[in-house]
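model.cif follows (mmCIF, C-alpha atoms, pLDDT in the B column; chains and numbers go by the auth columns):
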data_my_file
loop_
_atom_site.group_PDB
_atom_site.id
_atom_site.type_symbol
_atom_site.label_atom_id
_atom_site.label_comp_id
_atom_site.label_asym_id
_atom_site.label_seq_id
_atom_site.Cartn_x
_atom_site.Cartn_y
_atom_site.Cartn_z
_atom_site.B_iso_or_equiv
_atom_site.auth_seq_id
_atom_site.auth_asym_id
ATOM 1 C CA MET A 1 55.461 -57.951 -71.363 36.00 255 A
ATOM 2 C CA VAL A 2 58.671 -59.039 -69.716 48.00 256 A
ATOM 3 C CA ASN A 3 59.385 -62.676 -70.320 60.00 257 A
ATOM 4 C CA LYS A 4 59.787 -64.350 -66.931 86.00 258 A
ATOM 5 C CA ILE A 5 62.770 -66.389 -68.054 91.00 259 A
ATOM 6 C CA THR A 6 64.553 -63.215 -69.169 92.00 260 A
ATOM 7 C CA GLU A 7 63.717 -61.696 -65.821 91.00 261 A
ATOM 8 C CA LEU A 8 65.129 -64.731 -64.016 94.00 262 A
ATOM 9 C CA VAL A 9 68.422 -64.618 -65.914 96.00 263 A
ATOM 10 C CA ASP A 10 68.772 -60.920 -65.201 94.00 264 A
ATOM 11 C CA TYR A 11 67.788 -61.404 -61.568 94.00 265 A
ATOM 12 C CA TYR A 12 70.420 -64.120 -61.129 96.00 266 A
ATOM 13 C CA ALA A 13 73.152 -61.822 -62.452 95.00 267 A
ATOM 14 C CA ARG A 14 72.038 -58.886 -60.324 93.00 268 A
ATOM 15 C CA TYR A 15 71.851 -60.828 -57.091 93.00 269 A
ATOM 16 C CA ILE A 16 75.277 -62.324 -57.667 94.00 270 A
ATOM 17 C CA LYS A 17 76.591 -58.763 -57.803 92.00 271 A
ATOM 18 C CA LEU A 18 74.820 -58.025 -54.521 90.00 272 A
ATOM 19 C CA LEU A 19 76.786 -60.788 -52.850 88.00 273 A
ATOM 20 C CA SER A 20 79.524 -58.215 -52.392 80.00 274 A
ATOM 21 C CA ALA A 21 77.354 -56.489 -49.788 73.00 275 A
ATOM 22 C CA GLU A 22 78.884 -56.664 -46.357 64.00 276 A
ATOM 23 C CA ASP A 23 75.850 -56.593 -44.150 68.00 277 A
ATOM 24 C CA GLU A 24 73.127 -58.820 -42.781 71.00 278 A
ATOM 25 C CA THR A 25 71.387 -59.009 -46.158 78.00 279 A
ATOM 26 C CA ILE A 26 74.176 -61.209 -47.522 82.00 280 A
ATOM 27 C CA GLU A 27 72.331 -64.280 -46.218 83.00 281 A
ATOM 28 C CA THR A 28 69.155 -63.252 -47.973 86.00 282 A
ATOM 29 C CA PHE A 29 71.008 -62.569 -51.218 89.00 283 A
ATOM 30 C CA GLY A 30 72.860 -65.883 -50.971 91.00 284 A
ATOM 31 C CA LEU A 31 69.696 -67.881 -50.531 91.00 285 A
ATOM 32 C CA ILE A 32 68.011 -66.023 -53.371 93.00 286 A
ATOM 33 C CA VAL A 33 70.933 -66.726 -55.737 95.00 287 A
ATOM 34 C CA LEU A 34 70.812 -70.431 -54.929 96.00 288 A
ATOM 35 C CA THR A 35 67.054 -70.814 -55.305 94.00 289 A
ATOM 36 C CA ILE A 36 67.016 -68.809 -58.539 95.00 290 A
ATOM 37 C CA ARG A 37 69.817 -70.996 -59.903 96.00 291 A
ATOM 38 C CA ASP A 38 67.620 -74.033 -59.164 95.00 292 A
ATOM 39 C CA GLU A 39 64.813 -72.511 -61.165 93.00 293 A
ATOM 40 C CA LEU A 40 67.123 -71.712 -64.081 95.00 294 A
ATOM 41 C CA GLU A 41 68.316 -75.313 -64.087 96.00 295 A
ATOM 42 C CA LYS A 42 64.754 -76.569 -64.112 94.00 296 A
ATOM 43 C CA ARG A 43 63.973 -74.364 -67.092 94.00 297 A
ATOM 44 C CA TRP A 44 67.299 -74.855 -68.892 95.00 298 A
ATOM 45 C CA GLU A 45 65.613 -76.047 -72.079 95.00 299 A
ATOM 46 C CA GLU A 46 63.691 -72.779 -72.316 95.00 300 A
ATOM 47 C CA LEU A 47 66.866 -70.688 -72.251 96.00 301 A
ATOM 48 C CA SER A 48 68.297 -69.281 -75.455 96.00 302 A
ATOM 49 C CA LYS A 49 71.977 -69.800 -76.261 97.00 303 A
ATOM 50 C CA GLN A 50 72.740 -66.276 -75.130 97.00 304 A
ATOM 51 C CA GLN A 51 70.813 -66.709 -71.893 97.00 305 A
ATOM 52 C CA ARG A 52 72.656 -69.951 -71.175 97.00 306 A
ATOM 53 C CA GLU A 53 75.933 -68.115 -71.641 97.00 307 A
ATOM 54 C CA GLN A 54 74.742 -65.442 -69.210 97.00 308 A
ATOM 55 C CA VAL A 55 73.890 -68.088 -66.633 98.00 309 A
ATOM 56 C CA LEU A 56 77.258 -69.772 -67.115 97.00 310 A
ATOM 57 C CA THR A 57 78.988 -66.419 -66.627 97.00 311 A
ATOM 58 C CA GLY A 58 76.980 -66.069 -63.413 98.00 312 A
ATOM 59 C CA ASP A 59 78.103 -69.558 -62.424 98.00 313 A
ATOM 60 C CA ASP A 60 81.749 -68.515 -62.891 97.00 314 A
ATOM 61 C CA ARG A 61 81.070 -65.582 -60.595 96.00 315 A
ATOM 62 C CA ILE A 62 79.422 -67.563 -57.822 96.00 316 A
ATOM 63 C CA CYS A 63 82.316 -69.994 -57.915 96.00 317 A
ATOM 64 C CA ARG A 64 84.637 -67.042 -57.369 94.00 318 A
ATOM 65 C CA LYS A 65 82.386 -65.869 -54.546 91.00 319 A
ATOM 66 C CA HIS A 66 82.079 -69.308 -52.979 91.00 320 A
ATOM 67 C CA ARG A 67 83.103 -68.014 -49.556 88.00 321 A
ATOM 68 C CA LYS A 68 80.219 -65.551 -49.565 87.00 322 A
ATOM 69 C CA ILE A 69 77.741 -68.214 -50.657 89.00 323 A
ATOM 70 C CA ALA A 70 79.128 -70.521 -47.962 86.00 324 A
ATOM 71 C CA ARG A 71 77.480 -68.290 -45.394 82.00 325 A
ATOM 72 C CA VAL A 72 74.133 -69.914 -46.121 85.00 326 A
ATOM 73 C CA LEU A 73 75.536 -73.402 -46.596 87.00 327 A
ATOM 74 C CA PRO A 74 75.435 -76.271 -46.202 86.00 328 A
ATOM 75 C CA SER A 75 71.753 -76.585 -46.813 86.00 329 A
ATOM 76 C CA PRO A 76 69.946 -78.811 -44.329 81.00 330 A
ATOM 77 C CA HIS A 77 67.783 -79.990 -47.228 86.00 331 A
ATOM 78 C CA ALA A 78 68.627 -82.678 -49.754 87.00 332 A
ATOM 79 C CA HIS A 79 69.983 -81.396 -53.063 92.00 333 A
ATOM 80 C CA PRO A 80 71.471 -83.486 -55.876 94.00 334 A
ATOM 81 C CA ARG A 81 75.228 -83.112 -56.448 95.00 335 A
ATOM 82 C CA SER A 82 74.404 -82.023 -59.991 95.00 336 A
ATOM 83 C CA HIS A 83 73.077 -78.846 -58.337 97.00 337 A
ATOM 84 C CA TRP A 84 76.642 -78.098 -57.358 97.00 338 A
ATOM 85 C CA TRP A 85 75.845 -74.518 -56.198 97.00 339 A
ATOM 86 C CA TRP A 86 74.380 -76.004 -52.984 95.00 340 A
ATOM 87 C CA PHE A 87 77.808 -77.458 -52.205 94.00 341 A
ATOM 88 C CA LEU A 88 79.988 -74.406 -52.761 95.00 342 A
ATOM 89 C CA HIS A 89 81.020 -74.410 -49.098 91.00 343 A
ATOM 90 C CA GLU A 90 83.243 -77.336 -50.122 92.00 344 A
ATOM 91 C CA GLY A 91 85.013 -75.137 -52.649 93.00 345 A
ATOM 92 C CA PRO A 92 84.634 -74.045 -56.291 95.00 346 A
ATOM 93 C CA GLN A 93 85.796 -77.440 -57.571 95.00 347 A
ATOM 94 C CA VAL A 94 82.311 -78.861 -56.918 96.00 348 A
ATOM 95 C CA ARG A 95 81.219 -77.409 -60.231 95.00 349 A
ATOM 96 C CA SER A 96 83.782 -79.263 -62.328 94.00 350 A
ATOM 97 C CA GLN A 97 83.234 -82.410 -60.277 94.00 351 A
ATOM 98 C CA ALA A 98 79.502 -82.279 -60.975 93.00 352 A
ATOM 99 C CA LEU A 99 80.159 -81.685 -64.659 88.00 353 A
ATOM 100 C CA ALA A 100 82.595 -84.622 -64.794 89.00 354 A
ATOM 101 C CA ALA A 101 80.056 -86.872 -63.078 87.00 355 A
ATOM 102 C CA THR A 102 77.401 -85.840 -65.585 81.00 356 A
ATOM 103 C CA ASN A 103 79.748 -86.592 -68.499 79.00 357 A
ATOM 104 C CA GLU A 104 80.592 -90.005 -67.060 77.00 358 A
ATOM 105 C CA THR A 105 76.960 -91.004 -66.873 73.00 359 A
ATOM 106 C CA ALA A 106 76.092 -89.527 -70.274 66.00 360 A
ATOM 107 C CA MET B 1 82.619 -72.567 -33.500 39.00 225 B
ATOM 108 C CA SER B 2 82.910 -72.302 -37.253 44.00 226 B
ATOM 109 C CA THR B 3 79.700 -73.354 -38.921 49.00 227 B
ATOM 110 C CA TYR B 4 81.056 -73.270 -42.465 50.00 228 B
ATOM 111 C CA ASN B 5 82.386 -76.819 -42.494 56.00 229 B
ATOM 112 C CA LEU B 6 79.330 -78.549 -41.136 58.00 230 B
ATOM 113 C CA ASP B 7 77.885 -81.491 -42.976 64.00 231 B
ATOM 114 C CA PRO B 8 74.199 -81.199 -43.960 63.00 232 B
ATOM 115 C CA VAL B 9 73.011 -83.264 -40.979 65.00 233 B
ATOM 116 C CA ASP B 10 74.918 -81.047 -38.550 70.00 234 B
ATOM 117 C CA ALA B 11 73.720 -77.967 -40.442 67.00 235 B
ATOM 118 C CA ALA B 12 70.122 -79.090 -40.067 71.00 236 B
ATOM 119 C CA SER B 13 70.622 -79.670 -36.384 80.00 237 B
ATOM 120 C CA TRP B 14 72.427 -76.341 -35.925 79.00 238 B
ATOM 121 C CA ARG B 15 69.635 -74.502 -37.733 81.00 239 B
ATOM 122 C CA ALA B 16 67.027 -76.371 -35.697 85.00 240 B
ATOM 123 C CA GLU B 17 68.777 -75.163 -32.542 87.00 241 B
ATOM 124 C CA LEU B 18 68.655 -71.588 -33.802 87.00 242 B
ATOM 125 C CA GLN B 19 65.000 -72.030 -34.675 91.00 243 B
ATOM 126 C CA THR B 20 64.216 -73.392 -31.208 93.00 244 B
ATOM 127 C CA HIS B 21 66.132 -70.522 -29.646 92.00 245 B
ATOM 128 C CA ARG B 22 64.311 -67.922 -31.715 94.00 246 B
ATOM 129 C CA HIS B 23 60.989 -69.602 -31.024 96.00 247 B
ATOM 130 C CA SER B 24 61.579 -69.510 -27.265 95.00 248 B
ATOM 131 C CA GLU B 25 62.563 -65.845 -27.453 95.00 249 B
ATOM 132 C CA LEU B 26 59.201 -65.041 -28.999 97.00 250 B
ATOM 133 C CA GLU B 27 57.355 -67.333 -26.595 96.00 251 B
ATOM 134 C CA ALA B 28 58.928 -65.439 -23.719 97.00 252 B
ATOM 135 C CA MET B 29 57.522 -62.144 -24.959 97.00 253 B
ATOM 136 C CA THR B 30 54.177 -60.937 -23.678 97.00 254 B
ATOM 137 C CA GLN B 31 51.313 -60.197 -26.041 97.00 255 B
ATOM 138 C CA VAL B 32 51.873 -56.495 -25.429 97.00 256 B
ATOM 139 C CA GLU B 33 55.555 -56.789 -26.348 97.00 257 B
ATOM 140 C CA LEU B 34 54.739 -58.741 -29.489 97.00 258 B
ATOM 141 C CA GLN B 35 52.079 -56.253 -30.482 96.00 259 B
ATOM 142 C CA THR B 36 54.512 -53.359 -29.907 96.00 260 B
ATOM 143 C CA LEU B 37 57.113 -55.057 -32.086 97.00 261 B
ATOM 144 C CA VAL B 38 54.626 -55.744 -34.876 97.00 262 B
ATOM 145 C CA GLN B 39 53.380 -52.164 -34.699 96.00 263 B
ATOM 146 C CA LYS B 40 56.949 -50.890 -35.035 94.00 264 B
ATOM 147 C CA MET B 41 57.375 -52.953 -38.189 96.00 265 B
ATOM 148 C CA VAL B 42 54.143 -51.938 -39.851 95.00 266 B
ATOM 149 C CA ILE B 43 53.912 -48.249 -39.024 91.00 267 B
ATOM 150 C CA ALA B 44 57.350 -47.132 -40.136 92.00 268 B
ATOM 151 C CA GLU B 45 57.206 -43.929 -42.150 93.00 269 B
ATOM 152 C CA ARG B 46 60.390 -44.279 -44.115 94.00 270 B
ATOM 153 C CA LEU B 47 62.871 -46.804 -45.387 96.00 271 B
ATOM 154 C CA PRO B 48 66.315 -46.133 -43.902 95.00 272 B
ATOM 155 C CA ARG B 49 69.159 -45.914 -46.466 94.00 273 B
ATOM 156 C CA ARG B 50 66.529 -45.463 -49.152 96.00 274 B
ATOM 157 C CA SER B 51 69.035 -44.546 -51.870 96.00 275 B
ATOM 158 C CA LEU B 52 71.082 -47.673 -51.401 93.00 276 B
ATOM 159 C CA HIS B 53 68.060 -49.960 -51.449 94.00 277 B
ATOM 160 C CA PHE B 54 66.554 -48.158 -54.414 96.00 278 B
ATOM 161 C CA GLN B 55 69.784 -48.696 -56.350 94.00 279 B
ATOM 162 C CA ARG B 56 69.765 -52.357 -55.461 92.00 280 B
ATOM 163 C CA HIS B 57 66.080 -53.180 -55.799 95.00 281 B
ATOM 164 C CA GLY B 58 64.157 -50.314 -57.386 95.00 282 B
ATOM 165 C CA TYR B 59 64.240 -52.004 -60.804 92.00 283 B
ATOM 166 C CA GLU B 60 62.566 -55.105 -59.352 93.00 284 B
ATOM 167 C CA PHE B 61 59.425 -53.061 -58.799 95.00 285 B
ATOM 168 C CA GLY B 62 59.726 -50.948 -61.912 93.00 286 B
ATOM 169 C CA ALA B 63 60.098 -47.953 -59.588 95.00 287 B
ATOM 170 C CA GLU B 64 61.629 -45.003 -61.415 95.00 288 B
ATOM 171 C CA THR B 65 62.362 -42.826 -58.406 97.00 289 B
ATOM 172 C CA GLU B 66 63.435 -43.333 -54.832 97.00 290 B
ATOM 173 C CA ALA B 67 60.185 -41.793 -53.660 97.00 291 B
ATOM 174 C CA ALA B 68 58.111 -44.221 -55.760 97.00 292 B
ATOM 175 C CA TYR B 69 60.114 -47.141 -54.385 98.00 293 B
ATOM 176 C CA GLU B 70 59.637 -45.946 -50.818 97.00 294 B
ATOM 177 C CA ARG B 71 55.907 -45.481 -51.440 97.00 295 B
ATOM 178 C CA LEU B 72 55.675 -49.131 -52.519 97.00 296 B
ATOM 179 C CA PHE B 73 57.559 -50.117 -49.385 98.00 297 B
ATOM 180 C CA LEU B 74 55.163 -48.142 -47.151 97.00 298 B
ATOM 181 C CA ASP B 75 52.126 -49.609 -48.930 97.00 299 B
ATOM 182 C CA HIS B 76 53.620 -53.057 -48.486 98.00 300 B
ATOM 183 C CA ILE B 77 54.244 -52.889 -44.729 97.00 301 B
ATOM 184 C CA ARG B 78 50.719 -51.599 -44.151 96.00 302 B
ATOM 185 C CA ARG B 79 49.091 -54.601 -45.790 96.00 303 B
ATOM 186 C CA THR B 80 47.117 -56.789 -43.431 93.00 304 B
ATOM 187 C CA ASP B 81 47.826 -60.044 -45.254 95.00 305 B
ATOM 188 C CA LEU B 82 51.588 -60.204 -44.772 97.00 306 B
ATOM 189 C CA ARG B 83 53.195 -63.326 -43.439 97.00 307 B
ATOM 190 C CA MET B 84 55.770 -62.574 -40.761 97.00 308 B
ATOM 191 C CA PHE B 85 58.821 -64.767 -40.424 97.00 309 B
ATOM 192 C CA THR B 86 61.870 -64.312 -38.260 96.00 310 B
ATOM 193 C CA PHE B 87 65.226 -65.997 -37.844 91.00 311 B
ATOM 194 C CA LEU B 88 68.587 -65.452 -36.222 89.00 312 B
ATOM 195 C CA SER B 89 71.027 -64.247 -38.816 83.00 313 B
ATOM 196 C CA ARG B 90 74.306 -66.068 -38.993 73.00 314 B
ATOM 197 C CA VAL B 91 75.998 -62.731 -39.631 67.00 315 B
ATOM 198 C CA GLY B 92 76.275 -60.988 -36.307 62.00 316 B
ATOM 199 C CA ASP B 93 73.494 -62.936 -34.594 76.00 317 B
ATOM 200 C CA ARG B 94 70.878 -60.411 -35.661 87.00 318 B
ATOM 201 C CA LYS B 95 67.169 -60.940 -35.230 92.00 319 B
ATOM 202 C CA ILE B 96 65.824 -60.518 -38.744 92.00 320 B
ATOM 203 C CA TRP B 97 62.194 -60.385 -39.845 96.00 321 B
ATOM 204 C CA TYR B 98 60.746 -60.952 -43.313 96.00 322 B
ATOM 205 C CA LEU B 99 57.357 -59.406 -43.981 97.00 323 B
ATOM 206 C CA ILE B 100 56.186 -61.335 -47.014 97.00 324 B
ATOM 207 C CA ASN B 101 53.376 -60.909 -49.466 97.00 325 B
ATOM 208 C CA GLU B 102 53.216 -64.404 -50.886 95.00 326 B
ATOM 209 C CA GLU B 103 51.171 -63.390 -53.883 94.00 327 B
ATOM 210 C CA SER B 104 53.508 -60.694 -55.177 95.00 328 B
ATOM 211 C CA GLY B 105 56.792 -62.034 -53.779 95.00 329 B
ATOM 212 C CA ASN B 106 57.522 -58.660 -52.182 97.00 330 B
ATOM 213 C CA ILE B 107 59.513 -58.759 -48.960 97.00 331 B
ATOM 214 C CA ALA B 108 60.317 -56.087 -46.394 97.00 332 B
ATOM 215 C CA LEU B 109 63.282 -56.964 -44.203 95.00 333 B
ATOM 216 C CA TYR B 110 63.301 -55.660 -40.643 95.00 334 B
ATOM 217 C CA ASN B 111 66.296 -55.857 -38.340 92.00 335 B
ATOM 218 C CA GLU B 112 64.903 -56.171 -34.833 94.00 336 B
ATOM 219 C CA THR B 113 68.346 -56.007 -33.264 91.00 337 B
ATOM 220 C CA ARG B 114 68.882 -52.580 -34.801 90.00 338 B
ATOM 221 C CA SER B 115 65.209 -51.589 -34.534 92.00 339 B
ATOM 222 C CA ARG B 116 64.832 -50.558 -38.131 93.00 340 B
ATOM 223 C CA HIS B 117 63.769 -51.682 -41.543 94.00 341 B
ATOM 224 C CA TRP B 118 66.623 -53.165 -43.469 91.00 342 B
ATOM 225 C CA SER B 119 65.545 -53.488 -47.091 93.00 343 B
ATOM 226 C CA PHE B 120 62.667 -53.998 -49.492 96.00 344 B
ATOM 227 C CA LEU B 121 62.915 -56.392 -52.381 95.00 345 B
ATOM 228 C CA HIS B 122 60.950 -58.490 -54.811 95.00 346 B
ATOM 229 C CA ASN B 123 61.578 -62.211 -54.963 92.00 347 B
ATOM 230 C CA LEU B 124 60.768 -64.093 -58.159 88.00 348 B
ATOM 231 C CA GLU B 125 60.704 -67.478 -56.478 88.00 349 B
ATOM 232 C CA ILE B 126 59.129 -66.823 -53.104 92.00 350 B
ATOM 233 C CA ASN B 127 57.882 -70.389 -52.659 91.00 351 B
ATOM 234 C CA ARG B 128 61.351 -71.814 -53.232 90.00 352 B
ATOM 235 C CA LEU B 129 62.723 -69.397 -50.652 91.00 353 B
ATOM 236 C CA LEU B 130 60.064 -70.456 -48.145 92.00 354 B
ATOM 237 C CA ASP B 131 60.760 -74.132 -48.844 91.00 355 B
ATOM 238 C CA GLU B 132 64.433 -73.642 -48.171 89.00 356 B
ATOM 239 C CA ALA B 133 63.646 -71.806 -44.919 88.00 357 B
ATOM 240 C CA HIS B 134 61.809 -74.786 -43.412 88.00 358 B
ATOM 241 C CA GLY B 135 63.448 -75.901 -40.205 87.00 359 B
ATOM 242 C CA TYR B 136 65.118 -72.515 -39.693 87.00 360 B
ATOM 243 C CA TRP B 137 62.573 -69.696 -39.578 92.00 361 B
ATOM 244 C CA VAL B 138 59.776 -69.010 -37.107 96.00 362 B
ATOM 245 C CA GLU B 139 56.435 -67.603 -38.193 97.00 363 B
ATOM 246 C CA LEU B 140 54.406 -65.189 -36.099 98.00 364 B
ATOM 247 C CA VAL B 141 50.709 -65.677 -36.707 97.00 365 B
ATOM 248 C CA ARG B 142 47.562 -64.069 -35.381 95.00 366 B
ATOM 249 C CA GLU B 143 45.145 -66.616 -33.948 93.00 367 B
ATOM 250 C CA ASP B 144 42.091 -65.974 -31.781 91.00 368 B
ATOM 251 C CA ASN B 145 43.173 -62.388 -31.269 92.00 369 B
ATOM 252 C CA ARG B 146 46.590 -63.433 -29.998 95.00 370 B
ATOM 253 C CA TRP B 147 50.063 -63.560 -31.486 97.00 371 B
ATOM 254 C CA LYS B 148 51.453 -67.039 -31.704 97.00 372 B
ATOM 255 C CA ALA B 149 54.985 -68.062 -32.723 97.00 373 B
ATOM 256 C CA GLN B 150 55.324 -71.302 -34.583 97.00 374 B
ATOM 257 C CA PRO B 151 58.377 -73.008 -36.046 95.00 375 B
ATOM 258 C CA TRP B 152 58.262 -72.959 -39.838 95.00 376 B
#
Produce structure tokens that represent the structure in this file.
Amino acid sequence: MVNKITELVDYYARYIKLLSAEDETIETFGLIVLTIRDELEKRWEELSKQQREQVLTGDDRICRKHRKIARVLPSPHAHPRSHWWWFLHEGPQVRSQALAATNETA
Amino acid sequence: MSTYNLDPVDAASWRAELQTHRHSELEAMTQVELQTLVQKMVIAERLPRRSLHFQRHGYEFGAETEAAYERLFLDHIRRTDLRMFTFLSRVGDRKIWYLINEESGNIALYNETRSRHWSFLHNLEINRLLDEAHGYWVELVREDNRWKAQPW
């Protein structure tokens, strides 16, 4: 049986790749990437070291593709700044800013 | 106007405008027009650009061949329990439909502007996607033998 968390990590990586698509589905893919990233964050403790690295590699990629993601942003819904992916329309620096804020409060 | 630099409040209001616009478009359609549109979406006999979509999404269904993937797509659009949502795409102002099976997370995308199915995919977090779509999408429901559009 496929472990759902493994599936989620794989799904995140695959949909990030699909963000290169230049058609109407880009909005769908963008929204899927963001909602899947939320789920991965929620289940962070369940991820193995290797899976965490895979997610972080995906995070690097979505930062590089921030202009693509920006097509579905900003979200009209409330998201915490620690979920920096919902703020990528402001630029890729939101990730390091969120990380710095987390370290300050830790 | 560029919509990429909106703050969340403006984004919510901009999406609400699009939702209202889309809702009024559907409200302006007659029952016969709505029925014709729904029929077009559910009786398709093929998935255009099958190869491309199979490459992108075939694995999500465990489909080993393009034909198997397309068969799943055809079975999906013929279900009678699909939820039908529509919105105006930010890319090219297209009228997009999502035919969703909430239980499985399977989604057929239909591009009304281009009058053809657009893709078929499996979403692992369908409820999160629906949550995020609140205030933006419009749902078409069947009530008392009539089609009724309602903001989602």
Check: Using all atoms listed in the file, which of the listed residues (B:Glu257, B:Glu294, B:Glu363, B:Glu356) sits closest to chain A?
Finding: B:Glu356
Next item on the list: Find the residues with any atom within 8 Å of (59.0, -51.4, -55.8); use all atoms listed in the file and the coordinates as given in the file, and write the answer as a ChimeraX atom specification.
Entry: /B:281-287,292-297,344-346
Next item on the list: Considering only C-alpha atoms, extract the chain A residues located within 6 Å of chain B and return them as a ChimeraX atom specification.
Entry: /A:278,328-330
Notebook entry, point to check: Which distance in Å separates CA of His247 in chain B and CA of Leu323 in chain B, to one decimal?
Noted result: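 CA of His247 in chain B sits 16.9 Å away from CA of Leu323 in chain B.
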Checklist line | Reference answer for the PyMOL selection byres ((chain A and resi 264) around 12), as a ChimeraX atom specification | finding: /A:256-263,265-271,287,290-291,294,304-306,308-309,311-312 /B:283-284,348
Specify as a CSV table (one decimal) with C-alpha atoms, keeping the file's coordinate frame each residue included when the PyMOL selection byres ((chain B and resi 298-304) around 9) is applied to this file.
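Ended up saving to expr35.csv:
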chain,number,residue,atom,x,y,z
B,265,MET,CA,57.4,-53.0,-38.2
B,266,VAL,CA,54.1,-51.9,-39.9
B,267,ILE,CA,53.9,-48.2,-39.0
B,268,ALA,CA,57.4,-47.1,-40.1
B,269,GLU,CA,57.2,-43.9,-42.2
B,270,ARG,CA,60.4,-44.3,-44.1
B,271,LEU,CA,62.9,-46.8,-45.4
B,293,TYR,CA,60.1,-47.1,-54.4
B,294,GLU,CA,59.6,-45.9,-50.8
B,295,ARG,CA,55.9,-45.5,-51.4
B,296,LEU,CA,55.7,-49.1,-52.5
B,297,PHE,CA,57.6,-50.1,-49.4
B,305,ASP,CA,47.8,-60.0,-45.3
B,306,LEU,CA,51.6,-60.2,-44.8
B,307,ARG,CA,53.2,-63.3,-43.4
B,323,LEU,CA,57.4,-59.4,-44.0
B,324,ILE,CA,56.2,-61.3,-47.0
B,325,ASN,CA,53.4,-60.9,-49.5
B,330,ASN,CA,57.5,-58.7,-52.2
B,331,ILE,CA,59.5,-58.8,-49.0
B,332,ALA,CA,60.3,-56.1,-46.4
Item checked: Within 10 Å of Asp292 in chain A using only C-alpha atoms, minus same-chain residues under 6 positions, as number ranges by chain -> A: 286, 298, 333, 337, 339-340; B: 349, 352
Item checked: Picked residues, the PyMOL selection byres ((chain B and resi 249) around 12), as a PyMOL selection string -> chain B and resi 242-248+250-254+257-258+310-312+319+362+364+372-375
Per-axis box centre and lengths in Å around range 334-349 of chain A, 8 Å margin per side, axis-aligned, as JSON:
{"center_x": 78.6, "center_y": -78.8, "center_z": -54.7, "size_x": 30.3, "size_y": 25.4, "size_z": 27.1}
Notebook entry, point to check: Given the choices A:Arg335, A:Lys303, A:Arg315, A:Arg297, which gets closest to Thr356 in chain A if the distance is worked out from all atoms listed in the file?
Noted result: A:Arg335
Next item on the list: Measure the distance from CA of Arg274 in chain B to CA of Thr337 in chain B in Å and round it to one decimal.
Entry: 19.2 Å
